Amino acid sequence: MAQILQYLANGLVYSSIIILGSIGLSLVYSIADFANFAHGDTMTVGAYGSFVAFGLLGGMGGSLLGLPLGFYVSLLVGMALAAAIAVLTHLAVYEPLDTDSIGLLITSIGVAFVYRASLMGIFGTDFLQYDITRSGPIPFLLDTVGVAITQRDVAIVVSAAVLVGALHFLLQRTTLGRKMRATADNPDLARVSGIRTDRVILVMWVIGSALAAAGGVFLALYSQLDPRIGFGILLVVFAAVIVGGIGSVYGAMLGGLLIGMIHELTPLLGDIGIPIGTAYAPAIAFVIMVAVLLVKPRGIAGDLT
Amino acid sequence: MGAFSAREKGVAGLLGGVGVLLLIGVVSGALAPAYLLYLVSLSAMYMLLSMGLNVQWGYGGLINFSVAAFFGLGAYGSALLTANSSPIAGNVSPVIALFGGLLLAAVLAVLIGYPTLKLRDDYLAIASLGLAEVVRIFILNENQWTAGSAGLTGIPLFFADWPVLGDLSYPYVFTVGGTAVFYMRQPVINGLLNLVLVAAFVVGVYLFLRRIHRSPWGRVLRTIKTDEDLAETLGKNTFAFKMQAFVIGSLIMALAGVFYTHLVLYVSPPDLQPITTFYVWVAVILGGTGSDRGAMLGGFTIVAIQQGTRFLNDAVQLPIGPAPLRLMLVGLLIILIVRLRPEGILPPERELIWPDAMRGERDE
């Protein structure tokens, strides 16, 4: 039982990362109308941006949830960097294109390669680690329920929850959010209603990429950092978006939670005697994705916006 | 058909120029002859892969991002049967193993195609990339069947057990009337044999594709690409046509994989990485979607990028290593093609017209 709780706890941390990635991917899918294969590498760009910022800023004294305050500042730096690069890419690459969504999809693969090649050229391909000492599990939780959760895990989940909460507030309570939802729902109708959809698209790139960067930072913090982490997780993020229903931000959150949980619950299969190792965790996510595409192409929450 | 367009002449001139440069390299001793043969064979292998993808994407509009999986299955299928280090079979004749590799790919093509070909274009892209990763993860982890991350060694040459070609003694000496004229060392002979093999594959596949592309089957496929609903309205079972195109394309990719096994004599899971898929995509969209001559040009370009970056790195000190440089070039190439020349350099023109019809037009 404690073992299952442990898997669920891990799943919550991993889900937080996937959710942050899947929101941006879903936003691009619904507003810019293409499958953005550069999204994973946007996560990596953000992670490297924050890594460098943290190296320059240092701890800055004080700490929150076991992480120095400088880390949170560098997180924001990484998010800003990824947003700026995504906007530049949109203006320089995607917008001048006269092509359909498939042409954009293929272009985004080129963009992904350019991002990754740049990172590999600047930083090399070695694994990097944040210079933050890892603390052990929180003793209270370990003693009472027998689940090993570090402060770092809590920090990831809480930060993700804050970001997602902020997005929810933005979408539901502000004029900008209403414009975004209108544009996602029907771009032509939004435009004739007087919404400047080109600006909404820029905002969408900013929000989606900033959240992706946060996901990348937490992924690097959770395990380690190298130029391939983003592309490595991209398909799992796609799985989350598709399971949740393409174009639905809340569906992407739900899909992220489900796929993250399933990913981390894979060891359970081995525990109950099914010989499928943890190496197959992403494979299981992909198979579920294909199954959802076949059975319910609009996803489990495709009708929510 | 003597009439070539200016663009075709330009491309042919460019390729000819590169060929002359390479020959000068060999004659001057800067380039080992065996290595040149290897480069040409590798280009031909990428041509095969590009032609395979062309059947799927170029003719039928199927976005298949699992090229690497079919290439890898062809390679692993034949390697598992022929290699003496193979954990399951081993030491089977390469000719029989060729069909083993193709069979494996055909089975996988049906397994991947059946669920995914019903999907929308962009879903097919994501799903096929995901399923290709499943194949790679499987090969990486099932050590008892695939030798896992270590890969397979001890693979024989394709002609190893052939009557004459397998028994050549080295260095092979050509004699005229008892006097030795010239001789060839083993790597050169092996390189030549590989080149002959892959050339036979390329010519065979090219003729086959040219035939089916112009046939009623090819026309239906092109209709599906342009407007699937229209094809359905005309009473065509579009799923069946797409499935046939998917399997044919996958078989050609697997054929390239089989050849790769006997060219490099080593296969390992990194051969199945998604980058292989995107190399082939670049080759197809650069050459011209739907154009088999374009696919050939694309094959050359890919090898030029792969091997050229390596030379460049040896020759001059670059601020960026060969692997990132390669990735950067491929990425920029993709962006630039879609932006500047979405139809590719050699888009299909006369390929779709029966030669007789062309002749008739000129007679008038």
# chains A, B, ... in the order shown; residues from 1 in each chain; ligands from 1
>>> interface_residues(of="chain A", to="chain B", cutoff="10 Å", atoms="only C-alpha atoms", output="number ranges by chain")
A: 34-35, 37, 93-94, 96-99, 101-122, 124-125, 234-236, 238-239, 242, 277, 279-287, 289-291, 293-294, 297
>>> residues_around(residues="Phe201 of chain B", least_positions_apart="4", cutoff="10 Å", atoms="only C-alpha atoms", output="PyMOL selection string")
chain B and resi 44-45+48+195-197+205-206+252+255-256+259
>>> residues_around(residues="Leu53 of chain B", least_positions_apart="5", cutoff="10 Å", atoms="only C-alpha atoms", output="list in words")
Met47, Leu48, Gly58, Tyr59, Gly60, Gly61, Leu62, Ile63, Asn64, Phe65, Ser66, Val67, Ala245, Phe246, Ile248, Gly249, Ser250, Ile252, Met253, Thr277, Val280, Trp281, Ala283, Val284, Thr289, Gly290 and Ala295 of chain B
>>> write_last_selection(atoms="N, CA and C atoms", output="mmCIF file, in the first residue's frame")
data_model
loop_
_atom_site.group_PDB
_atom_site.id
_atom_site.type_symbol
_atom_site.label_atom_id
_atom_site.label_comp_id
_atom_site.auth_asym_id
_atom_site.auth_seq_id
_atom_site.Cartn_x
_atom_site.Cartn_y
_atom_site.Cartn_z
ATOM 1 N N MET B 47 18.710 6.986 -50.970
ATOM 2 C CA MET B 47 17.767 7.066 -52.089
ATOM 3 C C MET B 47 16.644 6.064 -51.892
ATOM 4 N N LEU B 48 17.021 4.849 -51.500
ATOM 5 C CA LEU B 48 16.000 3.826 -51.275
ATOM 6 C C LEU B 48 15.025 4.293 -50.203
ATOM 7 N N GLY B 58 4.734 11.211 -50.663
ATOM 8 C CA GLY B 58 4.685 11.854 -51.965
ATOM 9 C C GLY B 58 3.475 11.441 -52.781
ATOM 10 N N TYR B 59 3.200 10.145 -52.826
ATOM 11 C CA TYR B 59 2.058 9.704 -53.626
ATOM 12 C C TYR B 59 0.763 9.849 -52.833
ATOM 13 N N GLY B 60 0.794 9.370 -51.590
ATOM 14 C CA GLY B 60 -0.461 9.221 -50.854
ATOM 15 C C GLY B 60 -0.712 10.254 -49.779
ATOM 16 N N GLY B 61 0.277 11.113 -49.497
ATOM 17 C CA GLY B 61 0.082 12.137 -48.479
ATOM 18 C C GLY B 61 0.050 11.608 -47.055
ATOM 19 N N LEU B 62 0.651 10.433 -46.824
ATOM 20 C CA LEU B 62 0.670 9.871 -45.472
ATOM 21 C C LEU B 62 1.896 10.394 -44.733
ATOM 22 N N ILE B 63 1.672 11.043 -43.604
ATOM 23 C CA ILE B 63 2.802 11.577 -42.846
ATOM 24 C C ILE B 63 3.359 10.479 -41.968
ATOM 25 N N ASN B 64 4.330 9.764 -42.475
ATOM 26 C CA ASN B 64 4.901 8.664 -41.708
ATOM 27 C C ASN B 64 6.183 9.127 -41.032
ATOM 28 N N PHE B 65 6.142 9.224 -39.704
ATOM 29 C CA PHE B 65 7.335 9.584 -38.942
ATOM 30 C C PHE B 65 7.972 8.345 -38.314
ATOM 31 N N SER B 66 7.726 7.168 -38.898
ATOM 32 C CA SER B 66 8.351 5.979 -38.326
ATOM 33 C C SER B 66 9.299 5.340 -39.334
ATOM 34 N N VAL B 67 9.893 6.156 -40.194
ATOM 35 C CA VAL B 67 10.854 5.638 -41.172
ATOM 36 C C VAL B 67 11.956 4.843 -40.468
ATOM 37 N N ALA B 245 -0.090 1.519 -49.950
ATOM 38 C CA ALA B 245 1.030 2.445 -50.115
ATOM 39 C C ALA B 245 1.940 2.387 -48.891
ATOM 40 N N PHE B 246 1.332 2.296 -47.710
ATOM 41 C CA PHE B 246 2.118 2.275 -46.479
ATOM 42 C C PHE B 246 3.013 1.036 -46.441
ATOM 43 N N ILE B 248 3.985 -0.896 -49.039
ATOM 44 C CA ILE B 248 5.008 -0.865 -50.098
ATOM 45 C C ILE B 248 6.160 0.050 -49.679
ATOM 46 N N GLY B 249 5.820 1.248 -49.203
ATOM 47 C CA GLY B 249 6.858 2.176 -48.766
ATOM 48 C C GLY B 249 7.703 1.590 -47.652
ATOM 49 N N SER B 250 7.058 0.941 -46.695
ATOM 50 C CA SER B 250 7.784 0.370 -45.562
ATOM 51 C C SER B 250 8.715 -0.745 -46.017
ATOM 52 N N ILE B 252 10.219 -0.918 -48.879
ATOM 53 C CA ILE B 252 11.396 -0.310 -49.513
ATOM 54 C C ILE B 252 12.355 0.209 -48.444
ATOM 55 N N MET B 253 11.791 0.791 -47.382
ATOM 56 C CA MET B 253 12.648 1.252 -46.281
ATOM 57 C C MET B 253 13.375 0.082 -45.630
ATOM 58 N N THR B 277 14.721 9.204 -39.302
ATOM 59 C CA THR B 277 13.463 9.525 -39.962
ATOM 60 C C THR B 277 13.509 10.914 -40.588
ATOM 61 N N VAL B 280 15.557 11.414 -43.739
ATOM 62 C CA VAL B 280 14.853 10.954 -44.934
ATOM 63 C C VAL B 280 13.782 11.961 -45.343
ATOM 64 N N TRP B 281 13.143 12.554 -44.353
ATOM 65 C CA TRP B 281 12.140 13.588 -44.675
ATOM 66 C C TRP B 281 12.771 14.751 -45.403
ATOM 67 N N ALA B 283 15.410 14.650 -47.212
ATOM 68 C CA ALA B 283 15.742 14.201 -48.557
ATOM 69 C C ALA B 283 14.522 14.296 -49.471
ATOM 70 N N VAL B 284 13.365 13.873 -48.965
ATOM 71 C CA VAL B 284 12.176 13.851 -49.822
ATOM 72 C C VAL B 284 11.672 15.258 -50.123
ATOM 73 N N THR B 289 8.561 16.521 -53.293
ATOM 74 C CA THR B 289 7.586 15.547 -52.845
ATOM 75 C C THR B 289 6.913 14.880 -54.038
ATOM 76 N N GLY B 290 6.914 13.553 -54.044
ATOM 77 C CA GLY B 290 6.266 12.821 -55.124
ATOM 78 C C GLY B 290 7.168 12.561 -56.304
ATOM 79 N N ALA B 295 13.933 12.278 -55.021
ATOM 80 C CA ALA B 295 14.359 11.453 -53.899
ATOM 81 C C ALA B 295 15.825 11.071 -54.047
#
>>> atom_distance(atom1="atom CA of Leu102 of chain B", atom2="atom CA of Phe71 of chain B")
9.9 Å
>>> residues_around(residues="Gln129 of chain A", least_positions_apart="4", cutoff="10 Å", atoms="only C-alpha atoms", output="tab-separated table (two decimals) with N, CA, C and O atoms, in the first residue's frame")
chain	number	residue	atom	x	y	z
A	51	PHE	N	19.19	27.60	-15.92
A	51	PHE	CA	20.42	27.02	-15.37
A	51	PHE	C	21.54	28.06	-15.37
A	51	PHE	O	22.25	28.23	-14.37
A	220	ALA	N	14.58	19.33	-15.37
A	220	ALA	CA	16.01	19.34	-15.14
A	220	ALA	C	16.32	19.22	-13.66
A	220	ALA	O	17.29	18.58	-13.25
A	221	LEU	N	15.47	19.86	-12.84
A	221	LEU	CA	15.68	19.81	-11.39
A	221	LEU	C	15.37	18.42	-10.85
A	221	LEU	O	16.06	17.91	-9.97
A	222	TYR	N	14.33	17.81	-11.41
A	222	TYR	CA	13.86	16.50	-10.96
A	222	TYR	C	14.90	15.43	-11.29
A	222	TYR	O	15.20	14.57	-10.48
A	223	SER	N	15.44	15.49	-12.52
A	223	SER	CA	16.47	14.50	-12.87
A	223	SER	C	17.77	15.23	-13.20
A	223	SER	O	18.55	15.54	-12.31
A	224	GLN	N	18.02	15.52	-14.46
A	224	GLN	CA	19.21	16.27	-14.82
A	224	GLN	C	18.98	16.99	-16.14
A	224	GLN	O	17.93	16.84	-16.74
A	225	LEU	N	19.98	17.74	-16.58
A	225	LEU	CA	19.79	18.60	-17.74
A	225	LEU	C	20.74	18.17	-18.86
A	225	LEU	O	21.94	18.04	-18.65
A	226	ASP	N	20.21	17.93	-20.04
A	226	ASP	CA	21.04	17.79	-21.23
A	226	ASP	C	20.19	18.21	-22.43
A	226	ASP	O	18.97	18.35	-22.30
>>> closest_residue(among="A:Lys179, A:Asp153, A:Thr44, A:Arg228", to="Gly11 of chain A", atoms="only C-alpha atoms")
A:Asp153
>>> closest_residue(among="A:Arg173, A:His168, A:Arg298, A:Arg191", to="Met253 of chain A", atoms="only C-alpha atoms")
A:His168
>>> select_by_dssp(residues="segment 113-143 of chain A", states="helix (DSSP H, G or I)", output="count of residues only")
16
>>> atom_distance(atom1="atom CA of Pro270 of chain B", atom2="atom CA of Ile155 of chain B")
17.4 Å
>>> closest_residue(among="A:Tyr250, A:Gly244, A:Ser135, A:Ile276", to="Lys296 of chain A", atoms="only C-alpha atoms")
A:Gly244
>>> residues_around(residues="Ser50 of chain A", least_positions_apart="5", cutoff="6 Å", atoms="only C-alpha atoms", output="PyMOL selection string")
chain A and resi 74-75+77-78
>>> select_by_dssp(residues="segment 72-280 of chain A", states="strand (DSSP E or B)", output="PDB file with C-alpha atoms, in the first residue's frame")
ATOM      1  CA  LEU A 128      24.377  19.062 -15.967  1.00  0.00           C
ATOM      2  CA  PRO A 137      12.815  12.666   2.193  1.00  0.00           C
ATOM      3  CA  THR A 150      11.580  15.416  -0.790  1.00  0.00           C
ATOM      4  CA  LEU A 225      19.795  18.597 -17.738  1.00  0.00           C
TER       5      LEU A 225
END
>>> closest_residue(among="A:Ala182, A:Ile300, A:Ile4, A:Val45", to="Ile201 of chain A", atoms="only C-alpha atoms")
A:Ala182
>>> residues_around(residues="Val11 of chain B", least_positions_apart="4", cutoff="12 Å", atoms="only C-alpha atoms", output="VMD selection string")
chain B and resid 4 to 7 15 to 18 287 293 to 294 296 to 298 300 to 301 345 to 346
